[in-house]
$ cat target.cif   # mmCIF, C-alpha atoms
data_input
#
loop_
_atom_site.label_atom_id
_atom_site.label_comp_id
_atom_site.auth_asym_id
_atom_site.auth_seq_id
_atom_site.Cartn_x
_atom_site.Cartn_y
_atom_site.Cartn_z
CA MET Z 1 99.18 65.65 70.28
CA LYS Z 2 100.36 62.20 71.37
CA LYS Z 3 103.33 63.79 73.13
CA LEU Z 4 100.96 66.09 75.00
CA ILE Z 5 98.76 63.16 76.12
CA VAL Z 6 101.82 61.15 77.29
CA LEU Z 7 103.11 64.16 79.19
CA ALA Z 8 99.72 64.75 80.78
CA CYS Z 9 99.48 61.09 81.84
CA LEU Z 10 102.94 61.24 83.37
CA ALA Z 11 101.90 64.25 85.39
CA PHE Z 12 99.12 62.34 87.07
CA THR Z 13 100.77 59.00 87.77
CA SER Z 14 102.37 58.38 91.17
CA PRO Z 15 106.15 58.50 91.13
CA VAL Z 16 107.90 55.25 90.14
CA PHE Z 17 111.12 56.38 91.72
CA ALA Z 18 110.39 57.95 95.13
CA ALA Z 19 111.92 61.35 95.65
CA ASP Z 20 114.62 61.94 98.24
CA ALA Z 21 114.23 64.43 101.04
CA GLU Z 22 116.37 67.55 100.75
CA MET Z 23 116.96 70.66 102.79
CA GLY Z 24 114.37 73.35 102.23
CA MET Z 25 111.89 70.93 100.70
CA VAL Z 26 108.27 71.56 101.72
CA LEU Z 27 106.66 68.64 103.50
CA GLY Z 28 103.77 70.16 105.42
CA THR Z 29 102.92 72.12 108.54
CA THR Z 30 101.19 69.47 110.61
CA ILE Z 31 102.32 66.06 111.76
CA PRO Z 32 99.83 64.10 109.62
CA GLU Z 33 100.78 66.18 106.57
CA VAL Z 34 104.49 65.65 107.01
CA GLN Z 35 104.06 61.99 107.74
CA SER Z 36 101.95 61.30 104.67
CA LYS Z 37 104.30 63.29 102.43
CA LEU Z 38 107.27 61.30 103.71
CA THR Z 39 105.43 58.02 103.26
CA GLU Z 40 104.56 59.07 99.72
CA MET Z 41 108.25 59.67 99.10
CA GLY Z 42 108.97 56.09 100.13
CA TYR Z 43 110.06 56.70 103.72
CA GLU Z 44 108.84 54.59 106.62
CA VAL Z 45 108.21 56.84 109.61
CA ARG Z 46 109.24 55.20 112.87
CA LYS Z 47 108.87 57.92 115.48
CA THR Z 48 107.42 61.40 115.70
CA GLU Z 49 108.27 64.10 118.22
CA MET Z 50 108.00 67.83 118.68
CA GLU Z 51 111.37 69.35 119.43
CA ASP Z 52 112.07 73.07 119.83
CA GLY Z 53 108.72 73.79 118.21
CA LYS Z 54 109.67 71.75 115.12
CA ILE Z 55 108.21 68.50 113.92
CA GLU Z 56 110.83 65.76 114.23
CA MET Z 57 110.48 62.43 112.48
CA TYR Z 58 112.68 59.37 112.51
CA PHE Z 59 112.56 57.56 109.18
CA VAL Z 60 113.91 54.54 107.41
CA LYS Z 61 114.21 53.93 103.67
CA GLY Z 62 115.90 50.90 102.22
CA LYS Z 63 119.25 50.82 103.96
CA THR Z 64 119.29 54.43 105.07
CA LYS Z 65 117.90 55.95 108.23
CA GLY Z 66 117.82 59.39 109.75
CA GLU Z 67 115.94 62.28 111.27
CA VAL Z 68 114.16 65.21 109.70
CA TYR Z 69 113.08 68.48 111.33
CA VAL Z 70 110.24 70.48 109.74
CA SER Z 71 109.14 74.01 110.59
CA THR Z 72 105.46 74.29 111.48
CA ALA Z 73 105.37 77.77 110.08
CA THR Z 74 106.86 77.27 106.62
CA GLY Z 75 106.46 73.50 106.27
CA LYS Z 76 110.06 73.32 105.05
CA ILE Z 77 112.77 70.92 106.15
CA THR Z 78 115.09 72.83 108.48
CA LYS Z 79 117.43 69.99 109.41
CA LEU Z 80 118.15 66.66 107.81
CA LYS Z 81 120.41 64.11 109.45
CA PHE Z 82 121.21 60.78 107.85
CA LYS Z 83 122.70 58.10 110.05
CA MET E 1 165.51 54.60 154.84
CA ASN E 2 162.75 52.97 152.87
CA LYS E 3 164.73 51.94 149.81
CA ARG E 4 163.25 49.36 147.52
CA PRO E 5 166.13 47.95 145.55
CA PHE E 6 164.14 44.86 144.65
CA PRO E 7 163.34 44.06 141.04
CA LYS E 8 159.74 43.80 142.18
CA GLY E 9 158.95 47.32 141.01
CA LYS E 10 160.32 46.57 137.56
CA ARG E 11 158.31 43.36 137.29
CA GLU E 12 155.16 45.11 138.32
CA ARG E 13 155.69 47.77 135.70
CA ARG E 14 156.25 45.13 133.07
CA ALA E 15 153.09 43.29 134.09
CA LEU E 16 151.08 46.49 133.87
CA THR E 17 152.51 47.26 130.43
CA ILE E 18 151.63 43.79 129.19
CA ALA E 19 148.09 44.22 130.51
CA ALA E 20 147.72 47.57 128.73
CA ILE E 21 148.92 46.10 125.45
CA ILE E 22 146.54 43.16 125.80
CA LEU E 23 143.65 45.58 126.22
CA LEU E 24 144.67 47.81 123.32
CA GLN E 25 145.37 44.95 120.92
CA ALA E 26 142.14 43.16 121.77
CA LEU E 27 140.09 46.32 121.26
CA THR E 28 141.88 47.03 117.99
CA ALA E 29 141.18 43.52 116.73
CA MET E 30 137.52 44.03 117.60
CA PHE E 31 137.62 47.33 115.74
CA PHE E 32 138.81 45.66 112.53
CA VAL E 33 136.28 42.87 112.78
CA GLY E 34 133.58 45.42 113.52
CA ASP E 35 134.62 47.45 110.51
CA VAL E 36 134.20 44.49 108.18
CA PHE E 37 130.92 43.54 109.85
CA PHE E 38 129.40 46.99 109.52
CA ASP E 39 130.53 47.25 105.92
CA LEU E 40 128.83 43.95 105.16
CA ARG E 41 125.68 45.00 106.94
CA ALA E 42 125.43 48.34 105.19
CA GLY E 43 125.53 46.46 101.93
CA ASN E 44 128.22 48.69 100.53
CA ASP E 45 130.29 47.27 97.76
CA LEU E 46 132.93 45.53 99.83
CA ASP E 47 136.51 46.25 98.99
CA VAL E 48 137.40 42.60 99.33
CA ILE E 49 141.13 43.14 99.62
CA HIS E 50 140.68 45.81 102.27
CA SER E 51 138.34 43.67 104.31
CA THR E 52 140.52 40.60 104.00
CA LEU E 53 143.51 42.54 105.22
CA GLU E 54 141.50 43.81 108.16
CA LEU E 55 140.52 40.27 109.09
CA ILE E 56 144.10 39.07 108.83
CA ALA E 57 145.20 41.97 111.02
CA ALA E 58 142.53 41.07 113.54
CA LEU E 59 143.73 37.48 113.55
CA ALA E 60 147.32 38.53 114.12
CA LEU E 61 146.31 40.82 116.96
CA THR E 62 144.20 38.10 118.56
CA ALA E 63 147.13 35.71 118.45
CA GLY E 64 149.21 38.37 120.16
CA VAL E 65 146.56 38.86 122.82
CA ALA E 66 146.37 35.14 123.55
CA LEU E 67 150.13 34.87 123.85
CA LEU E 68 150.38 37.92 126.08
CA MET E 69 147.57 36.65 128.29
CA PHE E 70 149.47 33.45 129.01
CA GLU E 71 152.63 35.49 129.59
CA LEU E 72 150.89 37.78 132.03
CA ARG E 73 149.37 34.88 133.88
CA ASP E 74 152.76 33.24 134.31
CA LEU E 75 154.43 36.47 135.32
CA PHE E 76 151.80 37.22 137.91
CA HIS E 77 151.95 33.75 139.41
CA ARG E 78 155.74 33.92 139.62
CA MET E 79 155.50 37.28 141.36
CA ALA E 80 152.95 35.90 143.78
CA GLU E 81 155.21 32.95 144.60
CA MET E 82 158.15 35.21 145.22
CA ASP E 83 155.89 37.22 147.42
CA VAL E 84 154.88 34.20 149.46
CA GLY E 85 158.54 33.26 149.82
CA LEU E 86 159.41 36.75 150.92
CA GLN E 87 156.68 36.85 153.51
CA ALA E 88 157.70 33.45 154.81
CA ALA E 89 161.26 34.71 155.05
CA ARG E 90 160.04 37.77 156.89
CA GLY E 91 158.06 35.62 159.29
CA GLY E 92 161.07 33.44 159.80
CA MET E 93 163.25 36.46 160.38
CA ALA E 94 160.83 37.82 162.93
CA ASP E 95 160.88 34.51 164.78
CA LEU E 96 164.65 34.39 164.66
CA ILE E 97 165.00 37.88 166.05
CA ASN E 98 162.49 37.20 168.80
CA THR E 99 164.34 34.06 169.80
CA PHE E 100 167.65 35.86 170.18
CA PHE E 101 166.15 38.86 171.95
CA ASP E 102 164.43 36.50 174.42
CA ASP E 103 167.66 34.63 174.89
CA TRP E 104 169.61 37.79 175.65
CA GLN E 105 166.83 38.95 177.97
CA LEU E 106 166.58 42.39 176.44
CA THR E 107 164.19 44.81 178.07
CA PRO E 108 161.36 46.21 175.93
CA SER E 109 163.29 49.43 175.36
CA GLU E 110 166.41 47.51 174.45
CA ARG E 111 164.45 45.39 171.96
CA GLU E 112 163.22 48.52 170.26
CA ILE E 113 166.67 50.03 170.04
CA ALA E 114 168.22 46.78 168.88
CA LEU E 115 165.73 46.67 166.03
CA PHE E 116 166.62 50.18 164.99
CA ILE E 117 170.29 49.23 165.04
CA LEU E 118 169.62 46.19 162.88
CA LYS E 119 167.81 48.42 160.41
CA GLY E 120 170.80 50.71 160.24
CA VAL E 121 169.35 53.71 162.03
CA ASP E 122 172.02 55.92 163.61
CA ASN E 123 172.02 56.92 167.29
CA GLU E 124 171.02 60.49 166.66
CA THR E 125 167.87 59.45 164.81
CA ILE E 126 167.03 56.81 167.41
CA ALA E 127 167.32 59.42 170.13
CA GLY E 128 165.08 61.73 168.16
CA MET E 129 162.45 59.06 167.61
CA ARG E 130 162.44 57.98 171.25
CA GLY E 131 162.60 61.50 172.61
CA THR E 132 165.70 60.79 174.68
CA ALA E 133 169.26 62.00 174.65
CA GLN E 134 171.93 60.50 172.44
CA SER E 135 173.98 59.61 175.48
CA THR E 136 171.06 57.55 176.76
CA VAL E 137 170.91 55.67 173.49
CA ARG E 138 174.66 55.07 173.58
CA ALA E 139 174.40 53.66 177.09
CA GLN E 140 171.50 51.42 176.12
CA SER E 141 173.37 50.21 173.04
CA ALA E 142 176.36 49.33 175.17
CA ARG E 143 174.15 47.18 177.38
CA ILE E 144 172.67 45.46 174.34
CA TYR E 145 176.10 44.64 172.94
CA ALA E 146 177.16 43.29 176.32
CA LYS E 147 174.13 41.02 176.56
CA ALA E 148 174.65 39.83 172.99
CA LYS E 149 178.35 39.37 173.59
CA VAL E 150 179.34 41.56 170.66
CA ASP E 151 181.39 44.72 170.34
CA SER E 152 179.64 46.81 167.71
CA ARG E 153 176.66 47.42 165.46
CA ALA E 154 178.17 45.44 162.61
CA GLN E 155 178.76 42.48 164.88
CA LEU E 156 175.19 42.61 166.17
CA LEU E 157 173.91 42.38 162.61
CA SER E 158 176.34 39.60 161.79
CA VAL E 159 174.83 37.44 164.53
CA PHE E 160 171.66 37.23 162.44
CA MET E 161 173.33 37.15 159.05
CA GLU E 162 175.42 34.20 160.19
CA GLU E 163 172.31 32.31 161.19
CA LEU E 164 170.60 33.03 157.89
CA LEU E 165 173.62 32.30 155.75
CA SER E 166 175.03 29.27 157.50
CA SER E 167 174.75 25.88 155.85
CA GLU E 168 174.23 22.74 157.90
CA ASP E 169 177.73 21.28 157.82
CA THR E 170 179.72 24.32 158.78
CA GLY E 171 179.63 25.25 162.44
CA ALA E 172 180.62 28.68 163.63
CA VAL E 173 182.60 30.57 161.00
CA MET U 1 157.46 52.75 159.30
CA ARG U 2 155.43 51.23 162.03
CA GLU U 3 157.22 50.09 165.17
CA ASP U 4 155.25 48.13 167.71
CA LYS U 5 155.92 48.99 171.29
CA ASN U 6 155.43 45.41 172.38
CA SER U 7 157.98 42.63 172.38
CA ASP U 8 156.90 41.31 169.03
CA CYS U 9 159.91 42.73 167.29
CA GLY U 10 157.99 45.52 165.59
CA LEU U 11 157.36 43.35 162.53
CA SER U 12 153.62 43.23 161.92
CA ARG U 13 151.98 39.92 161.19
CA ASN U 14 149.48 41.39 158.83
CA ARG U 15 149.60 39.55 155.56
CA SER U 16 149.50 41.01 152.12
CA PHE U 17 148.32 39.03 149.13
CA ALA U 18 148.72 39.89 145.45
CA VAL U 19 145.15 39.26 144.31
CA TRP U 20 144.13 41.51 141.41
CA ASP U 21 146.48 41.28 138.44
CA PRO U 22 147.13 44.39 136.32
CA LEU U 23 144.66 43.35 133.60
CA VAL U 24 141.76 42.98 136.04
CA ARG U 25 142.54 46.39 137.49
CA LEU U 26 142.95 48.06 134.10
CA ILE U 27 139.68 46.54 132.92
CA HIS U 28 137.86 47.68 136.04
CA TRP U 29 138.89 51.32 135.82
CA SER U 30 138.57 51.52 132.02
CA LEU U 31 135.04 50.18 132.21
CA ALA U 32 134.17 52.62 134.97
CA PHE U 33 135.56 55.45 132.86
CA ALA U 34 133.64 54.33 129.77
CA ILE U 35 130.43 54.23 131.81
CA VAL U 36 131.00 57.73 133.13
CA LEU U 37 131.73 58.98 129.62
CA ASN U 38 128.64 57.46 128.07
CA GLY U 39 126.33 58.01 131.00
CA ALA U 40 127.20 61.53 131.98
CA ILE U 41 129.42 63.29 129.48
CA LEU U 42 128.88 62.29 125.87
CA ASP U 43 125.82 63.24 123.86
CA ASP U 44 123.42 60.31 123.79
CA ASP U 45 122.74 60.87 120.13
CA GLY U 46 126.32 61.15 118.97
CA LYS U 47 128.84 58.92 117.27
CA TRP U 48 131.25 59.00 120.23
CA HIS U 49 128.57 57.59 122.49
CA GLU U 50 128.20 54.69 120.10
CA TYR U 51 131.93 54.01 119.87
CA VAL U 52 132.50 54.23 123.61
CA GLY U 53 129.58 51.83 124.01
CA TYR U 54 131.30 49.30 121.78
CA VAL U 55 134.55 49.80 123.66
CA ALA U 56 132.72 49.04 126.91
CA LEU U 57 131.31 45.88 125.33
CA GLY U 58 134.80 44.96 124.18
CA ILE U 59 136.22 45.50 127.65
CA VAL U 60 133.62 43.19 129.20
CA GLY U 61 134.37 40.66 126.47
CA ILE U 62 138.05 40.69 127.35
CA ARG U 63 137.21 40.27 131.03
CA LEU U 64 135.11 37.23 130.22
CA VAL U 65 137.96 35.63 128.29
CA TRP U 66 140.32 36.45 131.17
CA GLY U 67 137.81 34.83 133.49
CA ILE U 68 138.44 31.61 131.62
CA ILE U 69 142.21 31.67 131.06
CA GLY U 70 143.46 34.31 133.48
CA THR U 71 145.20 34.42 136.84
CA ARG U 72 143.82 32.47 139.74
CA TYR U 73 141.62 35.07 141.45
CA ALA U 74 140.40 36.48 138.15
CA ARG U 75 138.96 33.19 136.97
CA PHE U 76 135.26 32.47 137.31
CA GLY U 77 136.08 29.40 139.39
CA SER U 78 137.26 31.69 142.17
CA PHE U 79 133.94 33.46 142.40
CA PRO U 80 131.19 31.27 140.95
CA PRO U 81 127.72 32.77 140.56
CA ASN U 82 125.91 31.01 143.35
CA PRO U 83 122.83 32.58 144.97
CA PHE U 84 122.91 30.00 147.77
CA SER U 85 126.47 30.89 148.72
CA ALA U 86 125.51 34.52 148.49
CA PHE U 87 122.68 34.01 150.93
CA ARG U 88 124.89 32.04 153.29
CA HIS U 89 127.49 34.78 153.06
CA PHE U 90 124.84 37.34 153.89
CA GLN U 91 123.86 35.34 156.98
CA ALA U 92 127.51 34.97 157.96
CA ILE U 93 128.21 38.67 157.83
CA SER U 94 125.01 39.43 159.72
CA GLY U 95 126.56 37.38 162.49
CA ASP U 96 130.19 38.11 163.15
CA ASP U 97 131.97 35.90 160.67
CA LYS U 98 135.07 37.77 159.65
CA THR U 99 136.41 35.32 157.07
CA ILE U 100 138.03 37.06 154.18
CA HIS U 101 137.57 36.06 150.55
CA LEU U 102 140.60 36.85 148.47
CA SER U 103 138.61 36.91 145.27
CA HIS U 104 135.10 38.42 145.12
CA ASN U 105 132.95 37.24 148.03
CA PRO U 106 129.71 35.43 147.02
CA LEU U 107 127.62 38.61 147.22
CA GLY U 108 130.21 40.61 145.35
CA ALA U 109 130.33 37.87 142.76
CA LEU U 110 126.63 38.25 142.01
CA MET U 111 127.16 41.98 141.68
CA VAL U 112 129.97 41.69 139.14
CA TYR U 113 128.05 39.20 137.02
CA ASN U 114 125.08 41.56 137.22
CA ILE U 115 127.10 44.55 136.10
CA TRP U 116 128.69 42.66 133.20
CA ALA U 117 125.28 41.37 132.07
CA THR U 118 123.78 44.87 132.30
CA VAL U 119 126.59 46.40 130.27
CA ILE U 120 126.17 43.69 127.65
CA PHE U 121 122.44 44.33 127.55
CA LEU U 122 123.09 48.06 127.13
CA GLY U 123 125.50 47.34 124.31
CA VAL U 124 123.09 45.03 122.53
CA THR U 125 120.12 47.40 122.76
CA GLY U 126 122.42 50.22 121.71
CA TYR U 127 123.50 48.22 118.69
CA MET U 128 119.90 47.48 117.86
CA MET U 129 119.05 51.17 117.89
CA GLY U 130 121.62 51.64 115.17
CA THR U 131 120.18 49.02 112.86
CA VAL U 132 117.64 49.86 110.20
CA ARG U 133 115.41 47.13 111.53
CA PHE U 134 115.04 48.58 115.03
CA TYR U 135 115.78 52.23 114.44
CA GLY U 136 113.31 54.69 115.93
CA PHE U 137 111.26 52.13 117.81
CA GLU U 138 110.29 53.43 121.23
CA TRP U 139 110.48 50.05 122.96
CA VAL U 140 114.17 49.50 122.11
CA GLU U 141 115.07 52.95 123.33
CA GLU U 142 113.16 52.37 126.52
CA LEU U 143 114.88 49.05 127.18
CA HIS U 144 118.18 50.85 126.78
CA GLU U 145 117.16 53.56 129.23
CA VAL U 146 115.75 51.19 131.83
CA ALA U 147 118.92 49.13 131.63
CA PHE U 148 120.94 52.26 132.23
CA GLY U 149 118.84 53.11 135.25
CA TRP U 150 119.46 49.63 136.59
CA LEU U 151 123.18 50.08 135.95
CA ILE U 152 123.22 53.22 138.07
CA VAL U 153 121.38 51.48 140.90
CA SER U 154 123.83 48.59 140.66
CA ILE U 155 126.83 50.89 140.76
CA VAL U 156 125.53 52.70 143.82
CA LEU U 157 125.02 49.36 145.56
CA HIS U 158 128.42 48.20 144.36
CA VAL U 159 130.24 51.23 145.77
CA GLY U 160 128.28 50.96 149.00
CA GLY U 161 129.08 47.28 149.24
CA VAL U 162 132.78 47.87 148.66
CA PHE U 163 133.02 50.45 151.42
CA PHE U 164 130.91 48.39 153.78
CA ASP U 165 132.92 45.24 153.23
CA GLY U 166 136.20 47.10 153.51
CA TRP U 167 135.10 48.52 156.82
CA ARG U 168 133.76 45.20 158.06
CA THR U 169 136.81 43.11 157.24
CA GLY U 170 139.53 45.70 157.71
CA VAL U 171 140.86 45.04 154.21
CA PRO U 172 141.17 48.22 152.14
CA LEU U 173 139.36 47.18 148.96
CA VAL U 174 139.65 50.30 146.83
CA LYS U 175 143.41 50.28 147.36
CA ALA U 176 143.36 46.61 146.44
CA MET U 177 141.81 47.44 143.09
CA ILE U 178 144.55 50.02 142.53
CA ASP U 179 147.72 48.18 143.48
CA GLY U 180 146.34 44.65 143.45
CA ARG U 181 147.15 43.74 147.04
CA LYS U 182 144.72 42.75 149.75
CA ARG U 183 146.17 43.58 153.14
CA VAL U 184 144.64 41.18 155.61
CA PRO U 185 144.72 41.95 159.37
CA ALA U 186 146.61 39.48 161.49
CA ASP U 187 143.85 37.39 163.01
CA ARG U 188 141.68 36.73 159.97
CA GLN U 189 140.90 33.53 158.17
CA ILE U 190 141.25 33.41 154.45
CA LYS U 191 138.96 31.73 151.96
#
$ encode --input "target.cif" --output "structure tokens"
Amino acid sequence: MKKLIVLACLAFTSPVFAADAEMGMVLGTTIPEVQSKLTEMGYEVRKTEMEDGKIEMYFVKGKTKGEVYVSTATGKITKLKFK
Amino acid sequence: MNKRPFPKGKRERRALTIAAIILLQALTAMFFVGDVFFDLRAGNDLDVIHSTLELIAALALTAGVALLMFELRDLFHRMAEMDVGLQAARGGMADLINTFFDDWQLTPSEREIALFILKGVDNETIAGMRGTAQSTVRAQSARIYAKAKVDSRAQLLSVFMEELLSSEDTGAV
Amino acid sequence: MREDKNSDCGLSRNRSFAVWDPLVRLIHWSLAFAIVLNGAILDDDGKWHEYVGYVALGIVGIRLVWGIIGTRYARFGSFPPNPFSAFRHFQAISGDDKTIHLSHNPLGALMVYNIWATVIFLGVTGYMMGTVRFYGFEWVEELHEVAFGWLIVSIVLHVGGVFFDGWRTGVPLVKAMIDGRKRVPADRQIK
């Protein structure tokens, strides 16, 4: 029973270690959605653009930076470039 | 006819080579320093030995660049001086030639032909360049030699060479 | 082989001065090449663009050092940045002063300092764009782009100025930046 309660609590707490973006991951289909999902994952969004019909965001996290492209249809990451 | 036997060409090539090496070495040194800098900035675990070696290499290259820069500067200034000397000599030569031609009272045509002769151009080519016959050139040359009191091409040239090569205490050789 | 038809012996009195040393010339054309590469050929977003940018910065850096310890006409002292001289030079050439400057003339001097400063500014903003601190910020990117626009304007003016001055003074300037020699017509004064 205790194990179940601990597990249930864990399921509802916000992540201690932010997740890392990966190809194919679903972020959202609109700019605000994608941006808030990224922020939740610990990324700071610096710039947002639409390119080739995809949502493009420039992000920074810790010492890494890069760009992510998200499809507006599926909400998945189609391209991920770390710099 | 336009031979350039002077070492000038060789010196210029050397100067250019030195300049190229300066540029390459300086950029390489900057590359090594940049490498260390970017590694530091990215916060990666620095391979201290690697970075130290890069900095030493950069130092060595910079020393090379400094040395080569002073070398190039000297070389260029020496070339420029030689140049000035050469142009002065040319000016002097021009004056010398003019003086003798005036003295001999050469006509404008004769002056032209005499110059060709001094430069070693043969009669056939002179005739071609002036659009006259070779016999005309031969006749004109004969008049030039007479005015200059010489007998041949070689002697005409020697008039000037003697002037240039004579030292003060010897008179006519 | 030019032969004068007058009695002046056929030897021209035009003078030829060795002005631009090989390093100045190499730097000039390498920088021009780097600018063409980064401005017109390489992908703005790519790694090559970044590296060529740093090379351009390096080249300007070397020129600045050479301006301190280099050959006579390459040193800053031969072409100090002086807006007053530049204005006076502008007045002089609007008249019919035909004095020739062996190093950069006062207007040309301003132009070269301008181009070096612009390239440095481009390099610095470019560097900033690659740092985590400034990455993705619109204002840095815009500074970089505006600076590039200014560089293009400057280059157009520079090329125009070179051809104009070459025509005005009779000294072939492009050739001078290739073989280093300024060929000065016979009746001109040198500065």
$ atom_distance --input "target.cif" --atom1 "CA of Tyr113 in chain U" --atom2 "CA of Pro22 in chain U"
19.8 Å
$ atom_distance --input "target.cif" --atom1 "CA of Gly131 in chain E" --atom2 "CA of Lys149 in chain E"
27.2 Å
$ atom_distance --input "target.cif" --atom1 "CA of Thr78 in chain Z" --atom2 "CA of Gly53 in chain Z"
11.7 Å
$ resolve_selection --input "target.cif" --expression "the PyMOL selection byres ((chain U) within 6 of (chain E))" --output "PyMOL selection string"
chain U and resi 22-23+70-71
$ interface_residues --input "target.cif" --of "chain U" --to "chain Z" --cutoff "7 Å" --atoms "only C-alpha atoms" --output "VMD selection string"
chain U and resid 132 136 to 137
$ resolve_selection --input "target.cif" --expression "the PyMOL selection byres ((chain U and resi 45-59) around 7)" --output "VMD selection string"
(chain E and resid 27) or (chain U and resid 27 31 34 38 42 to 44 60 to 63 119 to 120 123)
